[in-house]
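Trainee: Please find data.tsv (TSV, C-alpha atoms and all ligand atoms) on the next line:
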chain	number	residue	atom	x	y	z
V	297	MET	CA	87.67	79.26	108.13
V	298	SER	CA	86.20	77.07	105.36
V	299	SER	CA	88.20	74.05	104.17
V	300	ARG	CA	88.72	75.63	100.76
V	301	ALA	CA	90.18	78.80	102.31
V	302	MET	CA	93.68	79.66	101.06
V	303	THR	CA	96.34	79.83	103.75
V	304	VAL	CA	100.06	80.55	103.57
V	305	ASP	CA	100.91	76.99	104.67
V	306	ARG	CA	99.30	75.70	101.45
V	307	PHE	CA	101.71	77.75	99.32
V	308	LEU	CA	104.43	75.08	99.31
V	309	THR	CA	102.08	72.36	98.05
V	310	ARG	CA	100.84	74.66	95.32
V	311	LYS	CA	104.45	75.40	94.32
V	312	LYS	CA	105.19	71.66	94.03
V	313	GLU	CA	101.90	70.36	92.69
V	314	GLY	CA	100.15	73.36	91.14
V	315	PRO	CA	97.86	74.65	89.81
V	316	PRO	CA	99.51	78.08	89.57
V	317	LEU	CA	98.36	80.61	92.17
V	318	THR	CA	95.97	83.40	91.18
V	319	MET	CA	96.17	86.78	92.89
V	320	VAL	CA	93.95	89.79	92.07
V	321	THR	CA	93.76	93.22	93.68
V	322	ALA	CA	90.65	94.26	95.60
V	323	TYR	CA	89.87	97.50	97.38
V	324	ASP	CA	86.29	96.97	98.60
V	325	ALA	CA	83.75	94.36	99.74
V	326	PRO	CA	81.82	93.83	96.46
V	327	THR	CA	85.07	93.15	94.59
V	328	ALA	CA	86.14	90.79	97.39
V	329	ARG	CA	82.86	88.88	96.90
V	330	LEU	CA	83.54	88.57	93.17
V	331	LEU	CA	87.05	87.21	93.80
V	332	SER	CA	85.67	84.74	96.34
V	333	GLU	CA	82.98	83.50	93.97
V	334	ALA	CA	85.49	83.15	91.11
V	335	GLY	CA	87.79	80.94	93.25
V	336	ILE	CA	90.75	83.36	93.19
V	337	ASP	CA	93.46	82.26	95.67
V	338	ILE	CA	94.73	85.61	96.98
V	339	ALA	CA	93.13	89.06	97.33
V	340	LEU	CA	95.75	91.81	97.36
V	341	VAL	CA	94.85	95.19	98.80
V	342	GLY	CA	97.56	96.81	96.72
V	343	ASP	CA	98.96	100.28	97.19
V	344	SER	CA	97.83	100.59	93.54
V	345	LEU	CA	94.75	101.80	95.43
V	346	ALA	CA	96.34	105.24	95.07
V	347	MET	CA	96.24	105.12	91.27
V	348	VAL	CA	93.25	102.87	90.59
V	349	VAL	CA	90.77	104.17	93.17
V	350	GLN	CA	92.12	107.53	94.35
V	351	GLY	CA	93.13	108.70	90.86
V	352	ARG	CA	96.71	109.63	91.88
V	353	GLU	CA	99.70	109.62	89.51
V	354	ASN	CA	101.64	106.95	91.39
V	355	THR	CA	101.40	104.83	94.54
V	356	LEU	CA	103.34	107.16	96.85
V	357	PRO	CA	100.53	109.20	98.47
V	358	VAL	CA	98.50	106.32	99.94
V	359	THR	CA	98.73	106.15	103.75
V	360	ILE	CA	98.79	103.28	106.23
V	361	ASP	CA	95.40	104.41	107.59
V	362	GLU	CA	93.89	104.26	104.09
V	363	MET	CA	95.39	100.78	103.57
V	364	ILE	CA	93.88	99.66	106.88
V	365	TYR	CA	90.48	101.08	105.94
V	366	HIS	CA	90.42	99.35	102.53
V	367	THR	CA	91.76	96.08	103.94
V	368	ARG	CA	88.82	96.06	106.37
V	369	LEU	CA	86.38	96.63	103.51
V	370	VAL	CA	87.87	93.72	101.57
V	371	LYS	CA	87.79	91.47	104.61
V	372	ASN	CA	84.05	92.15	104.96
V	373	GLY	CA	83.35	90.60	101.54
V	374	LEU	CA	86.03	87.90	101.42
V	375	GLU	CA	85.38	84.18	101.84
V	376	GLY	CA	88.13	81.85	100.74
V	377	PRO	CA	90.98	83.90	99.27
V	378	LEU	CA	93.99	84.79	101.44
V	379	LEU	CA	93.92	88.47	102.42
V	380	VAL	CA	97.23	90.24	101.71
V	381	SER	CA	97.80	93.94	102.28
V	382	ASP	CA	100.53	96.19	100.92
V	383	MET	CA	102.82	98.19	103.19
V	384	PRO	CA	102.61	101.70	101.67
V	385	PHE	CA	105.43	104.19	101.02
V	386	LEU	CA	107.16	105.38	104.21
V	387	SER	CA	105.25	102.95	106.42
V	388	TYR	CA	108.43	100.86	106.87
V	389	GLN	CA	111.45	102.71	105.43
V	390	ILE	CA	112.10	105.03	108.39
V	391	SER	CA	112.80	102.31	110.94
V	392	GLU	CA	112.26	98.58	111.41
V	393	GLU	CA	110.32	99.37	114.54
V	394	GLU	CA	107.87	101.55	112.64
V	395	GLY	CA	107.58	98.91	109.90
V	396	HIS	CA	106.90	96.28	112.53
V	397	ARG	CA	104.18	98.40	114.15
V	398	ASN	CA	102.51	99.20	110.82
V	399	ALA	CA	102.56	95.58	109.59
V	400	GLY	CA	101.04	94.62	112.94
V	401	ARG	CA	98.26	97.19	112.44
V	402	LEU	CA	97.35	95.69	109.06
V	403	VAL	CA	97.01	92.28	110.71
V	404	LYS	CA	95.51	93.33	114.03
V	405	GLU	CA	93.21	96.21	113.04
V	406	ALA	CA	92.30	95.21	109.47
V	407	GLY	CA	92.51	91.41	109.33
V	408	ALA	CA	95.34	90.99	106.80
V	409	GLN	CA	96.76	87.45	106.79
V	410	ALA	CA	100.05	88.51	105.21
V	411	VAL	CA	101.74	91.74	104.14
V	412	LYS	CA	103.55	92.55	100.91
V	413	ILE	CA	106.62	94.77	101.05
V	414	GLU	CA	108.58	96.33	98.17
V	415	GLY	CA	112.31	95.90	98.63
V	416	GLY	CA	115.26	93.51	98.54
V	417	GLU	CA	118.37	93.10	100.71
V	418	GLU	CA	117.61	96.37	102.54
V	419	ILE	CA	114.36	95.02	104.05
V	420	ALA	CA	115.72	91.59	105.06
V	421	GLY	CA	115.98	92.68	108.72
V	422	LEU	CA	112.36	93.79	108.80
V	423	VAL	CA	111.21	90.57	107.08
V	424	ARG	CA	113.08	88.52	109.71
V	425	ARG	CA	111.48	90.53	112.49
V	426	LEU	CA	107.95	90.16	111.08
V	427	THR	CA	108.41	86.45	110.45
V	428	ILE	CA	109.46	85.97	114.09
V	429	SER	CA	106.24	87.82	115.04
V	430	MET	CA	104.33	85.33	112.88
V	431	ILE	CA	103.38	87.89	110.24
V	432	PRO	CA	103.84	86.22	106.81
V	433	VAL	CA	105.61	88.48	104.30
V	434	ILE	CA	105.55	88.51	100.50
V	435	GLY	CA	108.64	90.27	99.14
V	436	HIS	CA	108.11	92.45	96.05
V	437	ILE	CA	111.18	92.73	93.81
V	438	GLY	CA	112.07	93.62	90.22
V	439	MET	CA	110.23	96.78	89.26
V	440	LYS	CA	109.26	98.45	92.52
V	441	PRO	CA	106.61	101.11	91.78
V	442	MET	CA	107.68	103.16	94.84
V	443	GLY	CA	110.95	103.82	93.00
V	444	VAL	CA	109.15	105.69	90.22
V	445	HIS	CA	111.20	108.86	90.75
V	446	GLN	CA	114.51	106.99	90.96
V	447	MET	CA	113.73	104.96	87.83
V	448	GLY	CA	112.38	107.97	85.91
V	449	GLY	CA	109.07	106.17	85.32
V	450	PHE	CA	107.76	102.62	85.55
V	451	ARG	CA	110.56	100.72	83.78
V	452	VAL	CA	111.35	97.06	83.21
V	453	GLN	CA	114.20	95.99	85.53
V	454	GLY	CA	116.87	93.31	85.29
V	455	ARG	CA	117.72	93.77	81.64
V	456	ASP	CA	121.46	94.40	82.15
V	457	ALA	CA	123.84	92.08	83.99
V	458	GLU	CA	124.30	94.36	87.02
V	459	SER	CA	120.58	94.92	87.59
V	460	ARG	CA	119.88	91.21	87.02
V	461	ARG	CA	122.51	90.23	89.60
V	462	GLN	CA	121.03	92.70	92.11
V	463	ILE	CA	117.52	91.25	91.69
V	464	VAL	CA	118.81	87.69	92.20
V	465	ASN	CA	120.67	88.88	95.34
V	466	ASP	CA	117.49	90.53	96.57
V	467	ALA	CA	115.55	87.31	96.02
V	468	ARG	CA	118.17	85.28	97.94
V	469	ALA	CA	118.26	87.77	100.84
V	470	LEU	CA	114.46	87.77	101.18
V	471	LEU	CA	114.27	83.98	101.00
V	472	GLU	CA	116.89	83.68	103.70
V	473	ALA	CA	114.94	86.18	105.83
V	474	GLY	CA	111.83	83.99	105.62
V	475	VAL	CA	109.39	85.38	103.01
V	476	CYS	CA	106.44	83.10	102.25
V	477	ALA	CA	106.37	84.15	98.56
V	478	LEU	CA	108.09	86.48	96.12
V	479	LEU	CA	106.23	88.87	93.86
V	480	LEU	CA	108.22	89.57	90.68
V	481	GLU	CA	107.25	92.66	88.71
V	482	ALA	CA	108.31	93.72	85.19
V	483	ILE	CA	111.45	91.68	84.63
V	484	PRO	CA	112.57	89.56	81.67
V	485	SER	CA	110.91	86.16	81.48
V	486	SER	CA	114.28	84.35	81.77
V	487	LEU	CA	114.93	86.10	85.10
V	488	GLY	CA	111.43	85.18	86.31
V	489	GLU	CA	112.27	81.58	85.44
V	490	GLU	CA	115.68	81.70	87.18
V	491	ILE	CA	114.24	83.06	90.44
V	492	THR	CA	111.33	80.60	90.32
V	493	ARG	CA	113.85	77.74	90.00
V	494	LEU	CA	115.99	78.89	92.93
V	495	SER	CA	113.05	79.75	95.21
V	496	PRO	CA	111.57	77.13	97.56
V	497	VAL	CA	108.48	79.35	98.03
V	498	PRO	CA	106.09	80.38	95.24
V	499	THR	CA	106.87	83.25	92.89
V	500	ILE	CA	103.93	85.32	91.71
V	501	GLY	CA	104.55	87.32	88.57
V	502	ILE	CA	103.22	90.47	86.98
V	503	GLY	CA	105.13	91.05	83.78
V	504	ALA	CA	107.63	88.35	84.77
V	505	GLY	CA	106.73	85.81	82.08
V	506	PRO	CA	104.95	82.45	82.09
V	507	HIS	CA	107.31	80.42	84.33
V	508	THR	CA	106.39	81.85	87.74
V	509	ASP	CA	104.30	79.82	90.22
V	510	GLY	CA	101.40	82.25	89.95
V	511	GLN	CA	100.18	85.42	88.29
V	512	VAL	CA	98.70	88.65	89.65
V	513	LEU	CA	96.68	91.37	87.91
V	514	VAL	CA	95.00	94.59	88.98
V	515	PHE	CA	91.22	93.97	89.13
V	516	HIS	CA	90.29	97.00	87.02
V	517	ASP	CA	92.72	95.96	84.24
V	518	LEU	CA	91.56	92.34	84.32
V	519	VAL	CA	87.83	93.10	83.94
V	520	GLY	CA	88.32	95.85	81.34
V	521	TRP	CA	87.34	98.80	83.53
V	522	THR	CA	90.58	100.77	83.07
V	523	SER	CA	90.35	103.68	80.62
V	524	ASN	CA	94.11	104.20	80.06
V	525	PRO	CA	96.01	101.84	77.72
V	526	LEU	CA	97.07	98.71	79.63
V	527	PRO	CA	100.74	97.92	80.27
V	528	ARG	CA	102.17	95.23	77.98
V	529	PHE	CA	101.93	92.56	80.69
V	530	ALA	CA	98.23	93.06	81.51
V	531	ARG	CA	95.29	91.43	79.77
V	532	ALA	CA	91.64	92.51	79.94
V	533	PHE	CA	89.70	89.25	80.31
V	534	GLY	CA	86.42	91.18	80.26
V	535	ASN	CA	84.95	94.37	78.86
V	536	ALA	CA	83.32	95.95	81.90
V	537	ARG	CA	83.71	99.62	81.00
V	538	PRO	CA	81.33	99.78	78.01
V	539	LEU	CA	78.79	97.65	79.94
V	540	MET	CA	78.82	100.13	82.82
V	541	GLU	CA	78.74	103.14	80.49
V	542	ASP	CA	75.73	101.66	78.65
V	543	ALA	CA	73.90	101.07	81.94
V	544	LEU	CA	74.52	104.66	83.04
V	545	THR	CA	73.46	106.09	79.66
V	546	ASP	CA	70.30	103.93	79.67
V	547	PHE	CA	69.48	105.15	83.19
V	548	ARG	CA	69.94	108.79	82.16
V	549	LYS	CA	67.71	108.35	79.08
V	550	ALA	CA	65.02	106.45	81.02
V	551	VAL	CA	64.85	109.17	83.69
V	552	GLN	CA	64.78	111.90	81.06
V	553	ASN	CA	61.99	110.26	79.00
V	554	ARG	CA	60.13	109.27	82.20
V	555	SER	CA	60.10	105.53	81.43
V	556	PHE	CA	61.85	104.96	84.79
V	557	PRO	CA	60.41	104.25	87.27
V	558	SER	CA	57.62	102.14	85.70
V	559	PRO	CA	54.40	101.25	87.57
V	560	GLU	CA	56.07	97.94	88.60
V	561	GLU	CA	58.90	99.91	90.17
V	562	THR	CA	56.56	102.18	92.12
V	563	TYR	CA	55.04	101.62	95.59
V	564	ALA	CA	51.32	100.88	95.74
V	565	GLU	CA	48.95	102.56	98.19
V	566	GLU	CA	48.96	101.03	101.68
V	567	GLY	CA	47.75	97.41	101.48
V	568	GLY	CA	48.64	97.10	97.78
V	569	ILE	CA	51.13	94.62	96.36
V	570	SER	CA	54.75	95.55	96.90
V	571	PRO	CA	56.57	96.05	93.60
V	572	ARG	CA	59.71	94.29	94.92
V	573	LYS	CA	57.55	91.30	95.93
V	574	SER	CA	56.15	91.07	92.43
V	575	LYS	CA	59.74	90.94	91.01
V	576	ASN	CA	61.08	88.57	93.64
V	577	PRO	CA	58.44	86.56	95.50
V	578	LYS	CA	60.94	85.72	98.27
V	579	GLY	CA	62.12	89.29	98.64
V	580	LYS	CA	61.40	91.66	101.47
V	581	ASP	CA	58.61	94.25	101.25
V	582	VAL	CA	60.91	97.11	100.15
M	1	LIG	O1	99.84	97.47	94.39
M	1	LIG	C1	99.59	96.56	93.59
M	1	LIG	O2	98.49	96.43	93.07
M	1	LIG	C2	100.67	95.65	93.25
M	1	LIG	C3	100.43	94.76	92.09
M	1	LIG	C4	100.65	95.50	90.84
M	1	LIG	C5	101.24	93.54	92.18
M	1	LIG	O3	101.67	95.64	93.89
As structure tokens - that is how I would like this structure written.
Ligand code: KIV
Mentor:
Amino acid sequence: MSSRAMTVDRFLTRKKEGPPLTMVTAYDAPTARLLSEAGIDIALVGDSLAMVVQGRENTLPVTIDEMIYHTRLVKNGLEGPLLVSDMPFLSYQISEEEGHRNAGRLVKEAGAQAVKIEGGEEIAGLVRRLTISMIPVIGHIGMKPMGVHQMGGFRVQGRDAESRRQIVNDARALLEAGVCALLLEAIPSSLGEEITRLSPVPTIGIGAGPHTDGQVLVFHDLVGWTSNPLPRFARAFGNARPLMEDALTDFRKAVQNRSFPSPEETYAEEGGISPRKSKNPKGKDV
């Protein structure tokens, strides 16, 4: 592990001394390489995989085996960021034992260094159990996307007194159970600030305002790849989609007008100069 690698034991220092933590989703090795090169602290193999990569309506269909597969892909490209994997729907709700086994699979079979679990007071027992097994847990509270059917959509939580009180109780229960961080999704900024103040471990926000100890975004939203309108809390820091569309359109036109491949992109007769060598003198003869 390189000395600049992020580890859970560095979370507390970052909470006290900053700078704020950066977390970005990744679902494959090339994205993991980008996160590593950009100095992102935490790569999250989110169950958003279902919506972002699999094209599903919500996060519910993704399976533990799919999460394990994608966590492995991310691990293959990751150097530096902490690898966190989401526990998907029904991988932990049926029994603590099943949750324990599935969290263990993410660590043992896929290389996750921590797991993220949606839930509050009701998952405190599981969090305690995983922490005793030395599996670091990030608790995900506020808007919990798995509750899409109960909420009647993806809705901001904690706006009325009762819901606010419940989210604070959830935070306290998870902290007591031993979480290494709290992820706060889609709650009023003042509630994000309150939980950040009471929490000894870092809070990482997505739609939880500017006071949390870190921020997380979905990779495709962040780079401007997403075609749907972004949620209010997301920002596209890049404009990847038109760049990729232009590249594909240029490829199609070049094939159709026969300007691709050019002589430089074509193999010579045996003994001739390799086209790849002429582009990259250090490259292999391919
Ligand atoms: O699954 C995911 O990508 C997430 C983020 C939105 C935080 O949980």
Trainee: So how far away is atom CA of V:Ser495 from atom CA of V:Ala469, in Å?
Mentor: 11.1 Å
Trainee: Could you give me, as a PyMOL selection string, every polymer residue with an atom at most 6 Å away from an atom of ligand LIG 1 (chain M), counting only C-alpha atoms and all ligand atoms?
Mentor: chain V and resi 321+342-344+514
Trainee: Excluding V:Ser459 and residues on its chain fewer than 3 positions from it, collect all residues at most 12 Å away from it, counting only C-alpha atoms, and give them as a list in words.
Mentor: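 The residues satisfying every condition are Ile437, Gly438, Met439, Val452, Gln453, Gly454, Arg455, Asp456, Gln462, Ile463, Val464, Asn465, Asp466, Ile483, Pro484 and Leu487 of chain V.
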Trainee: Could you check how far atom CA of V:Phe307 sits from atom CA of V:Tyr365, in Å to one decimal?
Mentor: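 Computing it gives 26.7 Å between the two atoms.
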Trainee: Out of V:Phe385, V:Tyr323, V:Phe547, V:Phe515, which residue has the shortest atom-to-atom distance to V:Ile364 when counting all atoms listed in the file?
Mentor: V:Tyr323
Trainee: Pick the closest to V:Leu356 from V:Ala504, V:Glu313, V:His445, V:Val423: which is it, counting only C-alpha atoms?
Mentor: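 Among the listed residues, the smallest separation from V:Leu356 belongs to V:His445.
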Trainee: So which residues touch stretch 531-542 of chain V within 8 Å, counting only C-alpha atoms, skipping near sequence neighbours fewer than 3 positions away, as an MDAnalysis selection string?
Mentor: chainID V and resid 517:523 526 545:546
Trainee: Using only C-alpha atoms, which residue out of V:Ala408, V:Leu308, V:Ile419, V:Val348 lies closest to V:Ala477?
Mentor: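 Among the listed residues, V:Leu308 lies closest to V:Ala477.
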Trainee: Show which residues sit within 9 Å of V:Val497, as number ranges by chain. Count all atoms listed in the file, and ignore same-chain residues fewer than 4 positions away.
Mentor: V: 307-308, 311, 471, 475-478, 492, 509
Trainee: State, in Å with one decimal place, the distance from atom CA of V:Ala482 to atom CA of V:Leu378.
Mentor: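 Between these atoms lies a distance of 23.4 Å.
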Trainee: Using all atoms listed in the file, pick whichever of V:Val551, V:Val512, V:Leu494, V:Met383 has the shortest atom-to-atom distance to V:Ala339.
Mentor: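 Residue with the minimum atom-to-atom distance to V:Ala339: V:Val512.
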Trainee: Closest to V:Gly435 among V:Ser381, V:Thr367, V:Ser558, V:Asn553, using all atoms listed in the file?
Mentor: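 Of V:Ser381, V:Thr367, V:Ser558, V:Asn553, the one nearest V:Gly435 is V:Ser381, counting all atoms listed in the file.
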Trainee: With all heavy atoms as the target, complete stretch 531-542 of chain V and hand it back as a PDB file, in the frame of the given file.
Mentor:
ATOM      1  N   ARG V 531      96.305  91.833  80.748  1.00  0.00           N
ATOM      2  CA  ARG V 531      95.290  91.430  79.770  1.00  0.00           C
ATOM      3  C   ARG V 531      93.904  91.713  80.350  1.00  0.00           C
ATOM      4  O   ARG V 531      93.635  91.369  81.495  1.00  0.00           O
ATOM      5  CB  ARG V 531      95.402  89.942  79.454  1.00  0.00           C
ATOM      6  CG  ARG V 531      94.469  89.541  78.323  1.00  0.00           C
ATOM      7  CD  ARG V 531      94.345  88.033  78.152  1.00  0.00           C
ATOM      8  NE  ARG V 531      95.594  87.375  77.822  1.00  0.00           N
ATOM      9  CZ  ARG V 531      95.695  86.043  77.652  1.00  0.00           C
ATOM     10  NH1 ARG V 531      94.628  85.267  77.789  1.00  0.00           N
ATOM     11  NH2 ARG V 531      96.860  85.501  77.368  1.00  0.00           N
ATOM     12  N   ALA V 532      93.038  92.319  79.522  1.00  0.00           N
ATOM     13  CA  ALA V 532      91.640  92.510  79.940  1.00  0.00           C
ATOM     14  C   ALA V 532      90.885  91.238  79.558  1.00  0.00           C
ATOM     15  O   ALA V 532      90.719  90.945  78.382  1.00  0.00           O
ATOM     16  CB  ALA V 532      91.048  93.722  79.258  1.00  0.00           C
ATOM     17  N   PHE V 533      90.459  90.481  80.571  1.00  0.00           N
ATOM     18  CA  PHE V 533      89.700  89.250  80.310  1.00  0.00           C
ATOM     19  C   PHE V 533      88.214  89.541  80.164  1.00  0.00           C
ATOM     20  O   PHE V 533      87.441  88.632  79.892  1.00  0.00           O
ATOM     21  CB  PHE V 533      89.934  88.243  81.437  1.00  0.00           C
ATOM     22  CG  PHE V 533      91.311  87.621  81.401  1.00  0.00           C
ATOM     23  CD1 PHE V 533      92.397  88.275  81.977  1.00  0.00           C
ATOM     24  CD2 PHE V 533      91.517  86.401  80.785  1.00  0.00           C
ATOM     25  CE1 PHE V 533      93.667  87.708  81.939  1.00  0.00           C
ATOM     26  CE2 PHE V 533      92.787  85.830  80.750  1.00  0.00           C
ATOM     27  CZ  PHE V 533      93.860  86.490  81.325  1.00  0.00           C
ATOM     28  N   GLY V 534      87.818  90.786  80.398  1.00  0.00           N
ATOM     29  CA  GLY V 534      86.420  91.180  80.260  1.00  0.00           C
ATOM     30  C   GLY V 534      86.357  92.565  79.657  1.00  0.00           C
ATOM     31  O   GLY V 534      87.385  93.162  79.333  1.00  0.00           O
ATOM     32  N   ASN V 535      85.135  93.062  79.488  1.00  0.00           N
ATOM     33  CA  ASN V 535      84.950  94.370  78.860  1.00  0.00           C
ATOM     34  C   ASN V 535      83.944  95.179  79.684  1.00  0.00           C
ATOM     35  O   ASN V 535      82.896  95.571  79.195  1.00  0.00           O
ATOM     36  CB  ASN V 535      84.440  94.131  77.422  1.00  0.00           C
ATOM     37  CG  ASN V 535      84.808  95.283  76.525  1.00  0.00           C
ATOM     38  OD1 ASN V 535      85.521  96.202  76.931  1.00  0.00           O
ATOM     39  ND2 ASN V 535      84.303  95.249  75.306  1.00  0.00           N
ATOM     40  N   ALA V 536      84.282  95.384  80.958  1.00  0.00           N
ATOM     41  CA  ALA V 536      83.320  95.950  81.900  1.00  0.00           C
ATOM     42  C   ALA V 536      82.972  97.407  81.610  1.00  0.00           C
ATOM     43  O   ALA V 536      81.836  97.832  81.823  1.00  0.00           O
ATOM     44  CB  ALA V 536      83.881  95.846  83.320  1.00  0.00           C
ATOM     45  N   ARG V 537      83.932  98.178  81.117  1.00  0.00           N
ATOM     46  CA  ARG V 537      83.710  99.620  81.000  1.00  0.00           C
ATOM     47  C   ARG V 537      82.526  99.983  80.087  1.00  0.00           C
ATOM     48  O   ARG V 537      81.630 100.709  80.519  1.00  0.00           O
ATOM     49  CB  ARG V 537      85.004 100.298  80.533  1.00  0.00           C
ATOM     50  CG  ARG V 537      84.973 101.773  80.726  1.00  0.00           C
ATOM     51  CD  ARG V 537      86.253 102.433  80.289  1.00  0.00           C
ATOM     52  NE  ARG V 537      86.068 103.866  80.367  1.00  0.00           N
ATOM     53  CZ  ARG V 537      86.172 104.549  81.498  1.00  0.00           C
ATOM     54  NH1 ARG V 537      86.496 103.940  82.603  1.00  0.00           N
ATOM     55  NH2 ARG V 537      85.953 105.849  81.498  1.00  0.00           N
ATOM     56  N   PRO V 538      82.485  99.445  78.842  1.00  0.00           N
ATOM     57  CA  PRO V 538      81.330  99.780  78.010  1.00  0.00           C
ATOM     58  C   PRO V 538      80.008  99.284  78.592  1.00  0.00           C
ATOM     59  O   PRO V 538      78.978  99.966  78.459  1.00  0.00           O
ATOM     60  CB  PRO V 538      81.610  99.089  76.660  1.00  0.00           C
ATOM     61  CG  PRO V 538      82.874  98.359  76.803  1.00  0.00           C
ATOM     62  CD  PRO V 538      83.505  98.702  78.119  1.00  0.00           C
ATOM     63  N   LEU V 539      80.030  98.153  79.299  1.00  0.00           N
ATOM     64  CA  LEU V 539      78.790  97.650  79.940  1.00  0.00           C
ATOM     65  C   LEU V 539      78.295  98.659  80.964  1.00  0.00           C
ATOM     66  O   LEU V 539      77.107  98.978  81.033  1.00  0.00           O
ATOM     67  CB  LEU V 539      79.051  96.327  80.654  1.00  0.00           C
ATOM     68  CG  LEU V 539      79.202  95.069  79.819  1.00  0.00           C
ATOM     69  CD1 LEU V 539      79.459  93.867  80.729  1.00  0.00           C
ATOM     70  CD2 LEU V 539      77.935  94.842  79.006  1.00  0.00           C
ATOM     71  N   MET V 540      79.208  99.184  81.769  1.00  0.00           N
ATOM     72  CA  MET V 540      78.820 100.130  82.820  1.00  0.00           C
ATOM     73  C   MET V 540      78.397 101.459  82.207  1.00  0.00           C
ATOM     74  O   MET V 540      77.431 102.078  82.639  1.00  0.00           O
ATOM     75  CB  MET V 540      79.968 100.301  83.816  1.00  0.00           C
ATOM     76  CG  MET V 540      80.216  99.026  84.589  1.00  0.00           C
ATOM     77  SD  MET V 540      81.274  99.240  86.018  1.00  0.00           S
ATOM     78  CE  MET V 540      82.822  99.472  85.247  1.00  0.00           C
ATOM     79  N   GLU V 541      79.114 101.880  81.165  1.00  0.00           N
ATOM     80  CA  GLU V 541      78.740 103.140  80.490  1.00  0.00           C
ATOM     81  C   GLU V 541      77.347 103.028  79.891  1.00  0.00           C
ATOM     82  O   GLU V 541      76.535 103.949  79.997  1.00  0.00           O
ATOM     83  CB  GLU V 541      79.752 103.450  79.373  1.00  0.00           C
ATOM     84  CG  GLU V 541      80.963 104.211  79.888  1.00  0.00           C
ATOM     85  CD  GLU V 541      82.056 104.346  78.831  1.00  0.00           C
ATOM     86  OE1 GLU V 541      81.836 103.933  77.664  1.00  0.00           O
ATOM     87  OE2 GLU V 541      83.124 104.825  79.196  1.00  0.00           O
ATOM     88  N   ASP V 542      77.064 101.858  79.253  1.00  0.00           N
ATOM     89  CA  ASP V 542      75.730 101.660  78.650  1.00  0.00           C
ATOM     90  C   ASP V 542      74.652 101.715  79.719  1.00  0.00           C
ATOM     91  O   ASP V 542      73.604 102.325  79.523  1.00  0.00           O
ATOM     92  CB  ASP V 542      75.657 100.298  77.933  1.00  0.00           C
ATOM     93  CG  ASP V 542      76.417 100.324  76.615  1.00  0.00           C
ATOM     94  OD1 ASP V 542      76.866 101.423  76.213  1.00  0.00           O
ATOM     95  OD2 ASP V 542      76.572  99.249  75.998  1.00  0.00           O
TER      96      ASP V 542
END
